[in-house]
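A.B. asks: Structure file structure-v1.tsv (TSV, C-alpha atoms) right here:
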chain	number	residue	atom	x	y	z
A	1	MET	CA	0.00	0.00	0.00
A	2	THR	CA	2.83	2.36	0.87
A	3	LYS	CA	4.53	1.65	-2.47
A	4	MET	CA	1.23	2.21	-4.27
A	5	LYS	CA	0.76	5.56	-2.55
A	6	LEU	CA	4.30	6.58	-3.51
A	7	LEU	CA	3.72	5.57	-7.13
A	8	ASN	CA	0.43	7.48	-7.23
A	9	SER	CA	2.10	10.55	-5.74
A	10	ALA	CA	4.92	10.36	-8.27
A	11	ALA	CA	2.44	10.02	-11.11
A	12	ALA	CA	0.51	13.03	-9.84
A	13	LEU	CA	3.69	15.09	-9.67
A	14	LEU	CA	4.61	14.09	-13.24
A	15	LEU	CA	1.13	15.03	-14.45
A	16	CYS	CA	1.37	18.43	-12.79
A	17	ALA	CA	4.81	19.01	-14.28
A	18	SER	CA	3.58	17.99	-17.70
A	19	GLY	CA	0.56	20.27	-17.38
A	20	SER	CA	2.66	23.26	-16.36
A	21	ALA	CA	4.97	22.75	-19.36
A	22	PHE	CA	2.01	23.31	-21.64
A	23	ALA	CA	0.20	25.86	-19.52
A	24	ALA	CA	-1.59	28.59	-21.46
A	25	GLN	CA	0.34	31.81	-21.99
A	26	THR	CA	-1.15	35.29	-22.08
A	27	TRP	CA	0.52	37.74	-24.44
A	28	ASP	CA	-0.20	41.43	-24.01
A	29	MET	CA	-0.43	43.19	-27.36
A	30	PRO	CA	-0.43	47.00	-27.28
A	31	THR	CA	-1.57	48.92	-30.37
A	32	ALA	CA	-1.78	52.65	-31.01
A	33	TYR	CA	-5.09	52.79	-32.87
A	34	PRO	CA	-8.80	52.64	-31.96
A	35	ALA	CA	-10.51	49.30	-31.42
A	36	SER	CA	-12.67	49.99	-34.49
A	37	ASN	CA	-9.69	50.63	-36.80
A	38	PHE	CA	-9.09	47.98	-39.48
A	39	GLN	CA	-5.51	47.42	-38.29
A	40	THR	CA	-6.75	46.65	-34.78
A	41	LEU	CA	-9.57	44.45	-36.07
A	42	ASN	CA	-7.07	42.55	-38.19
A	43	ALA	CA	-4.85	42.07	-35.14
A	44	GLU	CA	-7.89	40.81	-33.23
A	45	ASP	CA	-8.54	38.22	-35.95
A	46	PHE	CA	-4.86	37.25	-35.79
A	47	GLY	CA	-5.18	36.70	-32.04
A	48	LYS	CA	-8.22	34.47	-32.51
A	49	CYS	CA	-6.34	32.47	-35.14
A	50	VAL	CA	-3.39	32.00	-32.78
A	51	ALA	CA	-5.66	30.85	-29.95
A	52	ASP	CA	-7.27	28.29	-32.26
A	53	GLY	CA	-4.01	27.21	-33.88
A	54	THR	CA	-2.26	26.64	-30.55
A	55	LYS	CA	-5.31	24.98	-29.00
A	56	GLY	CA	-5.60	27.72	-26.41
A	57	GLU	CA	-1.96	27.62	-25.33
A	58	ILE	CA	-1.40	31.25	-26.42
A	59	ASN	CA	-3.99	33.89	-25.59
A	60	ILE	CA	-3.34	37.34	-27.06
A	61	VAL	CA	-4.93	40.26	-25.19
A	62	LEU	CA	-5.24	43.43	-27.28
A	63	HIS	CA	-4.77	46.86	-25.69
A	64	ALA	CA	-5.98	49.35	-28.31
A	65	ASN	CA	-5.61	53.11	-28.75
A	66	GLY	CA	-2.37	53.45	-26.78
A	67	SER	CA	-4.08	52.30	-23.59
A	68	LEU	CA	-1.19	50.11	-22.39
A	69	PHE	CA	1.74	51.84	-24.09
A	70	LYS	CA	1.71	54.90	-26.34
A	71	GLY	CA	2.67	54.30	-29.94
A	72	ASN	CA	6.26	55.48	-29.61
A	73	ASP	CA	6.80	53.22	-26.58
A	74	ILE	CA	5.44	49.98	-28.04
A	75	LYS	CA	8.57	48.74	-29.81
A	76	ARG	CA	10.71	49.30	-26.73
A	77	ALA	CA	8.11	47.58	-24.55
A	78	VAL	CA	8.31	44.45	-26.70
A	79	GLN	CA	12.11	44.58	-26.79
A	80	THR	CA	12.35	44.74	-23.02
A	81	GLY	CA	9.67	42.10	-22.40
A	82	GLN	CA	7.15	44.48	-20.85
A	83	ALA	CA	4.82	43.22	-23.58
A	84	GLN	CA	5.27	39.96	-25.45
A	85	ILE	CA	3.96	41.25	-28.77
A	86	GLY	CA	2.91	44.60	-30.22
A	87	GLU	CA	1.85	46.49	-33.32
A	88	ARG	CA	3.93	49.45	-34.42
A	89	LEU	CA	4.35	51.84	-37.34
A	90	MET	CA	7.90	50.75	-38.17
A	91	SER	CA	8.77	53.86	-40.17
A	92	ALA	CA	8.58	55.85	-36.95
A	93	HIS	CA	11.89	54.17	-36.04
A	94	GLU	CA	13.82	55.13	-39.17
A	95	ASN	CA	16.30	57.01	-36.97
A	96	GLU	CA	17.43	53.61	-35.62
A	97	ASN	CA	17.93	52.09	-39.06
A	98	ALA	CA	17.07	53.48	-42.50
A	99	VAL	CA	15.49	50.20	-43.60
A	100	PHE	CA	12.65	50.74	-41.10
A	101	GLY	CA	11.56	53.74	-43.16
A	102	THR	CA	11.36	51.91	-46.49
A	103	ASP	CA	7.57	51.93	-46.76
A	104	SER	CA	7.44	55.71	-46.34
A	105	VAL	CA	9.99	56.77	-48.93
A	106	PRO	CA	8.00	59.37	-50.92
A	107	PHE	CA	6.49	58.07	-54.16
A	108	LEU	CA	8.53	54.83	-54.14
A	109	ALA	CA	5.40	52.68	-53.76
A	110	THR	CA	2.10	54.50	-54.31
A	111	THR	CA	-0.31	51.60	-54.94
A	112	TYR	CA	-1.27	48.49	-52.99
A	113	GLU	CA	0.38	46.29	-55.61
A	114	ASP	CA	3.68	48.16	-55.30
A	115	SER	CA	3.38	48.24	-51.52
A	116	VAL	CA	3.18	44.45	-51.38
A	117	LYS	CA	6.15	44.18	-53.73
A	118	LEU	CA	8.20	46.65	-51.69
A	119	ALA	CA	7.36	44.86	-48.44
A	120	ALA	CA	8.67	41.60	-49.89
A	121	ALA	CA	11.83	43.29	-51.15
A	122	SER	CA	12.56	44.96	-47.81
A	123	ARG	CA	11.62	42.08	-45.50
A	124	PRO	CA	15.07	40.37	-45.39
A	125	GLU	CA	16.81	43.62	-44.39
A	126	ILE	CA	14.13	44.54	-41.85
A	127	ASP	CA	14.24	41.03	-40.37
A	128	LYS	CA	18.02	41.33	-40.02
A	129	ALA	CA	17.74	44.69	-38.26
A	130	LEU	CA	15.01	43.49	-35.89
A	131	ASP	CA	16.88	40.28	-35.10
A	132	GLY	CA	19.78	42.36	-33.79
A	133	GLN	CA	17.32	44.09	-31.44
A	134	GLY	CA	15.85	40.87	-30.07
A	135	LEU	CA	12.68	41.18	-32.12
A	136	LYS	CA	10.90	39.20	-34.83
A	137	MET	CA	8.40	40.58	-37.34
A	138	LEU	CA	5.33	38.40	-37.76
A	139	TYR	CA	3.44	40.41	-40.38
A	140	SER	CA	2.86	43.90	-41.73
A	141	VAL	CA	-0.20	45.59	-43.24
A	142	PRO	CA	-0.29	48.77	-45.34
A	143	TRP	CA	-2.38	51.81	-44.58
A	144	PRO	CA	-4.20	53.39	-47.51
A	145	PRO	CA	-2.14	55.84	-49.61
A	146	ASN	CA	-1.35	58.99	-47.66
A	147	GLY	CA	-2.60	62.41	-48.72
A	148	LEU	CA	-2.83	65.92	-47.25
A	149	PHE	CA	-5.66	67.41	-45.17
A	150	PHE	CA	-6.07	71.18	-45.00
A	151	ASN	CA	-8.70	73.72	-43.98
A	152	LYS	CA	-8.20	75.89	-47.06
A	153	GLU	CA	-7.68	75.58	-50.80
A	154	ILE	CA	-4.16	74.53	-51.76
A	155	ASN	CA	-2.92	74.89	-55.32
A	156	SER	CA	0.84	74.77	-54.85
A	157	VAL	CA	3.55	74.17	-52.27
A	158	ALA	CA	3.68	77.93	-51.68
A	159	ASP	CA	0.15	77.76	-50.25
A	160	MET	CA	1.36	75.34	-47.55
A	161	LYS	CA	4.07	77.58	-46.12
A	162	GLY	CA	3.88	78.14	-42.35
A	163	ILE	CA	1.09	75.62	-41.68
A	164	LYS	CA	1.62	73.35	-38.67
A	165	VAL	CA	1.24	69.73	-39.76
A	166	ARG	CA	1.18	66.48	-37.83
A	167	SER	CA	4.33	64.41	-38.27
A	168	TYR	CA	4.56	60.70	-37.45
A	169	ASN	CA	7.85	59.63	-39.02
A	170	LYS	CA	10.97	61.00	-40.71
A	171	SER	CA	9.39	61.22	-44.15
A	172	THR	CA	6.40	63.26	-42.96
A	173	ALA	CA	8.76	65.62	-41.16
A	174	LYS	CA	11.03	65.96	-44.20
A	175	LEU	CA	8.11	66.45	-46.58
A	176	ALA	CA	6.68	69.11	-44.27
A	177	GLU	CA	10.00	70.94	-44.11
A	178	GLY	CA	10.36	70.74	-47.90
A	179	THR	CA	7.00	72.43	-48.39
A	180	GLY	CA	7.67	75.11	-45.79
A	181	MET	CA	5.22	73.63	-43.27
A	182	THR	CA	6.13	73.11	-39.62
A	183	PRO	CA	6.11	69.43	-38.53
A	184	VAL	CA	4.75	68.60	-35.08
A	185	SER	CA	5.15	65.06	-33.76
A	186	ILE	CA	1.72	63.78	-32.66
A	187	GLU	CA	0.59	60.22	-31.90
A	188	ALA	CA	-2.54	59.01	-33.71
A	189	ALA	CA	-4.57	58.82	-30.49
A	190	GLU	CA	-3.85	62.52	-29.84
A	191	ILE	CA	-4.72	63.99	-33.26
A	192	SER	CA	-8.25	65.17	-32.45
A	193	GLN	CA	-7.10	66.92	-29.30
A	194	ALA	CA	-4.15	68.52	-31.10
A	195	MET	CA	-6.38	69.89	-33.87
A	196	ALA	CA	-8.94	71.21	-31.40
A	197	ALA	CA	-6.20	72.96	-29.43
A	198	GLY	CA	-4.68	74.50	-32.57
A	199	VAL	CA	-1.40	72.60	-32.15
A	200	ILE	CA	-1.71	71.43	-35.76
A	201	ALA	CA	-3.77	72.66	-38.72
A	202	SER	CA	-3.00	69.97	-41.27
A	203	LEU	CA	-2.34	66.24	-41.61
A	204	ILE	CA	-0.26	64.02	-43.86
A	205	THR	CA	-2.12	60.75	-43.42
A	206	SER	CA	-4.63	58.27	-44.79
A	207	SER	CA	-8.37	58.57	-45.25
A	208	VAL	CA	-8.81	56.09	-42.38
A	209	THR	CA	-6.87	58.14	-39.84
A	210	GLY	CA	-8.76	61.18	-41.07
A	211	LYS	CA	-12.05	59.41	-40.37
A	212	ASP	CA	-10.89	58.05	-37.00
A	213	SER	CA	-9.82	61.58	-35.99
A	214	LYS	CA	-13.05	63.21	-37.24
A	215	VAL	CA	-11.03	65.71	-39.26
A	216	TRP	CA	-14.20	67.37	-40.55
A	217	GLU	CA	-14.47	69.15	-37.20
A	218	ASN	CA	-11.37	71.18	-38.19
A	219	LEU	CA	-10.31	70.40	-41.78
A	220	ASN	CA	-12.38	70.33	-44.95
A	221	ARG	CA	-10.11	69.36	-47.85
A	222	TYR	CA	-8.27	66.12	-48.55
A	223	TYR	CA	-5.73	66.11	-51.40
A	224	LEU	CA	-4.97	62.65	-52.81
A	225	ALA	CA	-1.20	62.96	-52.99
A	226	ASN	CA	-0.65	59.17	-52.79
A	227	ALA	CA	2.74	59.83	-51.21
A	228	TRP	CA	3.27	56.36	-49.73
A	229	LEU	CA	1.49	53.47	-47.99
A	230	PRO	CA	3.09	53.17	-44.53
A	231	ARG	CA	2.83	49.77	-42.89
A	232	ASN	CA	2.01	48.68	-39.36
A	233	SER	CA	4.17	45.76	-38.27
A	234	VAL	CA	3.31	43.19	-35.64
A	235	ILE	CA	6.50	42.29	-33.78
A	236	VAL	CA	7.15	39.70	-31.09
A	237	ASN	CA	9.91	39.40	-28.51
A	238	LYS	CA	12.39	36.92	-30.04
A	239	GLY	CA	13.03	35.15	-26.75
A	240	VAL	CA	9.31	34.66	-26.17
A	241	PHE	CA	8.83	33.30	-29.68
A	242	ASN	CA	11.86	31.01	-29.55
A	243	ALA	CA	10.63	29.49	-26.28
A	244	LEU	CA	7.48	28.19	-28.00
A	245	SER	CA	7.17	24.61	-29.14
A	246	LYS	CA	7.86	24.06	-32.85
A	247	ASP	CA	4.16	23.37	-33.42
A	248	ASN	CA	3.12	26.64	-31.76
A	249	GLN	CA	5.77	28.58	-33.66
A	250	ALA	CA	4.40	27.16	-36.90
A	251	ALA	CA	0.83	28.03	-35.85
A	252	VAL	CA	1.77	31.65	-35.05
A	253	LEU	CA	3.61	32.07	-38.36
A	254	ASP	CA	0.70	30.55	-40.29
A	255	CYS	CA	-1.72	32.99	-38.65
A	256	ALA	CA	0.69	35.86	-39.38
A	257	ALA	CA	0.77	35.00	-43.09
A	258	LYS	CA	-3.01	34.92	-43.17
A	259	ALA	CA	-3.23	38.25	-41.31
A	260	GLU	CA	-0.90	39.94	-43.79
A	261	THR	CA	-2.90	38.78	-46.79
A	262	ALA	CA	-6.24	39.62	-45.18
A	263	GLY	CA	-4.92	42.97	-43.99
A	264	VAL	CA	-4.32	44.25	-47.50
A	265	GLU	CA	-7.95	43.63	-48.46
A	266	LYS	CA	-9.17	45.13	-45.18
A	267	SER	CA	-7.07	48.22	-45.88
A	268	LYS	CA	-8.62	48.66	-49.33
A	269	ALA	CA	-12.14	48.28	-47.92
A	270	ALA	CA	-11.37	50.66	-45.05
A	271	ASP	CA	-10.07	53.28	-47.50
A	272	ALA	CA	-13.26	53.14	-49.57
A	273	GLU	CA	-15.47	53.32	-46.50
A	274	ALA	CA	-13.48	56.13	-44.88
A	275	THR	CA	-13.53	58.21	-48.06
A	276	LYS	CA	-17.33	57.99	-48.12
A	277	VAL	CA	-17.53	59.03	-44.46
A	278	LEU	CA	-15.25	62.01	-45.09
A	279	GLN	CA	-17.35	63.17	-48.02
A	280	ALA	CA	-20.59	62.64	-46.10
A	281	ASN	CA	-19.24	64.98	-43.43
A	282	GLY	CA	-18.35	67.75	-45.86
A	283	VAL	CA	-14.70	66.98	-46.61
A	284	GLN	CA	-13.82	67.61	-50.26
A	285	VAL	CA	-11.69	64.80	-51.70
A	286	ILE	CA	-9.50	66.46	-54.34
A	287	GLU	CA	-7.00	65.33	-56.94
A	288	PRO	CA	-3.97	67.68	-56.72
A	289	ASN	CA	-3.28	69.78	-59.80
A	290	ASP	CA	-0.24	69.08	-61.99
A	291	LYS	CA	1.79	71.90	-60.43
A	292	MET	CA	1.33	70.56	-56.90
A	293	LYS	CA	2.08	67.00	-58.01
A	294	ALA	CA	5.34	68.08	-59.68
A	295	GLU	CA	6.43	70.14	-56.68
A	296	LEU	CA	5.72	67.33	-54.22
A	297	ALA	CA	7.49	64.82	-56.47
A	298	ALA	CA	10.60	67.02	-56.56
A	299	ILE	CA	10.67	67.26	-52.76
A	300	GLY	CA	10.07	63.54	-52.51
A	301	ASP	CA	12.97	62.80	-54.83
A	302	VAL	CA	15.37	64.66	-52.53
A	303	ILE	CA	14.09	62.72	-49.51
A	304	ALA	CA	14.35	59.40	-51.35
A	305	LYS	CA	17.95	60.04	-52.40
A	306	ASP	CA	18.88	61.00	-48.84
A	307	TRP	CA	17.27	57.80	-47.50
A	308	ALA	CA	19.11	55.63	-50.03
A	309	ALA	CA	22.46	57.27	-49.29
A	310	LYS	CA	22.16	57.01	-45.50
A	311	GLY	CA	20.98	53.40	-45.58
A	312	GLY	CA	24.13	52.06	-47.20
A	313	GLN	CA	24.11	48.42	-48.27
A	314	GLY	CA	20.74	47.74	-46.60
A	315	THR	CA	18.78	50.26	-48.65
A	316	SER	CA	20.79	49.37	-51.75
A	317	ASN	CA	19.77	45.72	-51.37
A	318	ILE	CA	16.13	46.73	-50.95
A	319	LEU	CA	16.08	48.95	-54.03
A	320	GLY	CA	17.81	46.28	-56.07
A	321	ALA	CA	15.28	43.64	-55.09
A	322	TYR	CA	12.33	46.00	-55.59
A	323	LYS	CA	13.35	47.05	-59.08
A	324	LYS	CA	13.84	43.50	-60.37
Show me the file's structure as structure tokens.
C.D. replies:
Amino acid sequence: MTKMKLLNSAAALLLCASGSAFAAQTWDMPTAYPASNFQTLNAEDFGKCVADGTKGEINIVLHANGSLFKGNDIKRAVQTGQAQIGERLMSAHENENAVFGTDSVPFLATTYEDSVKLAAASRPEIDKALDGQGLKMLYSVPWPPNGLFFNKEINSVADMKGIKVRSYNKSTAKLAEGTGMTPVSIEAAEISQAMAAGVIASLITSSVTGKDSKVWENLNRYYLANAWLPRNSVIVNKGVFNALSKDNQAAVLDCAAKAETAGVEKSKAADAEATKVLQANGVQVIEPNDKMKAELAAIGDVIAKDWAAKGGQGTSNILGAYKK
């Protein structure tokens, strides 16, 4: 009887140990955008896919609209393990490495088709840069093409001079400076407040961010500059990912691939829907005249050449792959 009790106890201990090895994990996932935004909804679908694919062993908890970490703190939070996974506008970190700003090089990729091609061309270099920071990219999704919101008629770059404009990465800041506008760094969650307070009077952004920020309360014209399609990237702490079983790693990567493909279509649909909402609220959606297009293209060319020169071999590899 004593031996039987000892055997039963040992078996129970082994069962507990086995259970703890496969205990469910909770991953906190901070994002910078509203819960209703297509990027956040896509991340939510990704989380559901991961839960199903890992049979409940990984549970991703979304924290939208900068509620856990503000946008500019998300990447660092994932690097340091304060969050296991997060969604971040990678171009906002171009100062760390030029390759992070690839998707926002002015007029390099101005359509969804080109955006997908550029993402594929830049992925090896971005993966290399992130790996050195203890991070792994799972997927990225483009925003709709970025244009310019104003509260007055704009016919040329000269008409933009002196206007305070929201900046969210190096390219927006450089484009603003090239046009004579004054860039002001503002997180997406703070745009409405900044416009109401007069901190900014213009935006370089997508139709979706315009809708989310209710720009019609302050701005009434949207010029379709199609400057670039910036991408949100979902990144995971490399140590956290590497600690997963091979099956769970495969499940996460499979869900990431699905999220990237689905995200492109969600972005297109969100652009169409947001444009309708803008127009319904009195925002004029305008095709820039030839003069404005030429002036913006000239400024963009200077920015693009500067990006390529500063990025060295990394940006050279990206451009070579993209142009094939």
A.B. asks: Separation of CA of Lys48 (chain A) and CA of Asp131 (chain A), in Å?
C.D. replies: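 Calculated distance between CA of Lys48 (chain A) and CA of Asp131 (chain A) is 25.9 Å.
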A.B. asks: To one decimal in Å, tell me the separation between CA of Thr261 (chain A) and CA of Ala304 (chain A).
C.D. replies: 27.3 Å
A.B. asks: From the set A:Thr209, A:Ser316, A:Ser185, A:Thr275, which residue has the shortest atom-to-atom contact distance to Gln39 (chain A), counting all atoms listed in the file?
C.D. replies: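 Looking only at the distances to Gln39 (chain A), the closest residue turns out to be A:Thr209.
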A.B. asks: Here is a test: counting only C-alpha atoms, which residue of A:Thr80, A:Asn226, A:Asn220, A:Thr26 is nearest to Ala109 (chain A)?
C.D. replies: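 Distance minimum relative to Ala109 (chain A) lands on A:Asn226.
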A.B. asks: To one decimal place, how far is CA of Val165 (chain A) from CA of Pro183 (chain A) in Å?
C.D. replies: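 CA of Pro183 (chain A) lies 5.0 Å from CA of Val165 (chain A).
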A.B. asks: For Cys255 (chain A), which residue among A:Ser267, A:Asn37, A:Ser156, A:Thr54 is the nearest when counting all atoms listed in the file?
C.D. replies: A:Thr54
A.B. asks: For Leu296 (chain A), which of A:Lys174, A:His93, A:Lys164, A:Arg231 is the closest residue, counting all atoms listed in the file?
C.D. replies: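 The shortest atom-to-atom distance to Leu296 (chain A) comes from A:Lys174.
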A.B. asks: Identify which of the residues A:Leu108, A:Leu203, A:Ala262, A:Ile318 lies closest to Val184 (chain A), counting all atoms listed in the file when measuring atom-to-atom distances.
C.D. replies: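 Of A:Leu108, A:Leu203, A:Ala262, A:Ile318, the one nearest Val184 (chain A) is A:Leu203, counting all atoms listed in the file.
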A.B. asks: Between A:Leu244, A:Val141, A:Ile126, A:Ile154, which is the closest to Ala256 (chain A) once you count only C-alpha atoms?
C.D. replies: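 The shortest atom-to-atom distance to Ala256 (chain A) comes from A:Val141.
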A.B. asks: Quick one: residues within 9 Å of Asp212 (chain A), only C-alpha atoms counted, chain neighbours fewer than 4 positions away excluded, as a VMD selection string?
C.D. replies: chain A and resid 33 to 34 36 to 37 192 207 to 208 274
A.B. asks: Within 8 Å of (-6.8, 74.6, -44.3) (coordinates as in the file), grab all the protein and nucleic acid residues, counting only C-alpha atoms, and write them out as number ranges by chain.
C.D. replies: A: 149-154, 201-202, 219-221
A.B. asks: What lies within 8 Å of Asp45 (chain A) using only C-alpha atoms, ignoring chain neighbours under 4 positions off, as a PyMOL selection string?
C.D. replies: chain A and resi 41+49+259
A.B. asks: What's around Leu148 (chain A) at 6 Å? Count only C-alpha atoms, leave out sequence neighbours fewer than 5 positions away in its own chain, and write the answer as a ChimeraX atom specification.
C.D. replies: /A:203-204,222-223
A.B. asks: Skipping near chain neighbours, those fewer than 6 positions away, what residues fall within 10 Å of Gly178 (chain A) using only C-alpha atoms, listed as JSON, numbers by chain?
C.D. replies: {"A": [157, 161, 172, 295, 296, 298, 299, 300, 302, 303]}
A.B. asks: So that I can check the surroundings of Leu224 (chain A), please list as a PDB file with C-alpha atoms, in the frame of the given file every protein, DNA and RNA residue that reaches within 9 Å of it, counting all atoms listed in the file and ignoring chain neighbours fewer than 5 positions away.
C.D. replies:
ATOM      1  CA  PRO A 145      -2.140  55.840 -49.610  1.00  0.00           C
ATOM      2  CA  ASN A 146      -1.350  58.990 -47.660  1.00  0.00           C
ATOM      3  CA  GLY A 147      -2.600  62.410 -48.720  1.00  0.00           C
ATOM      4  CA  LEU A 148      -2.830  65.920 -47.250  1.00  0.00           C
ATOM      5  CA  VAL A 285     -11.690  64.800 -51.700  1.00  0.00           C
ATOM      6  CA  ILE A 286      -9.500  66.460 -54.340  1.00  0.00           C
ATOM      7  CA  GLU A 287      -7.000  65.330 -56.940  1.00  0.00           C
ATOM      8  CA  PRO A 288      -3.970  67.680 -56.720  1.00  0.00           C
TER       9      PRO A 288
END
A.B. asks: What are the centre and edge lengths in Å, to one decimal, of the axis-aligned box around all listed atoms of region 210-221 of chain A with 5 Å added on each side, as lines of an AutoDock Vina configuration file?
C.D. replies:
center_x = -11.6
center_y = 64.6
center_z = -41.9
size_x = 15.7
size_y = 23.1
size_z = 21.9
A.B. asks: Using all atoms listed in the file, can you list as a ChimeraX atom specification the residues within 12 Å of (-0.1, 45.3, -49.7)?
C.D. replies: /A:103,109-120,139-145,228-232,259-268
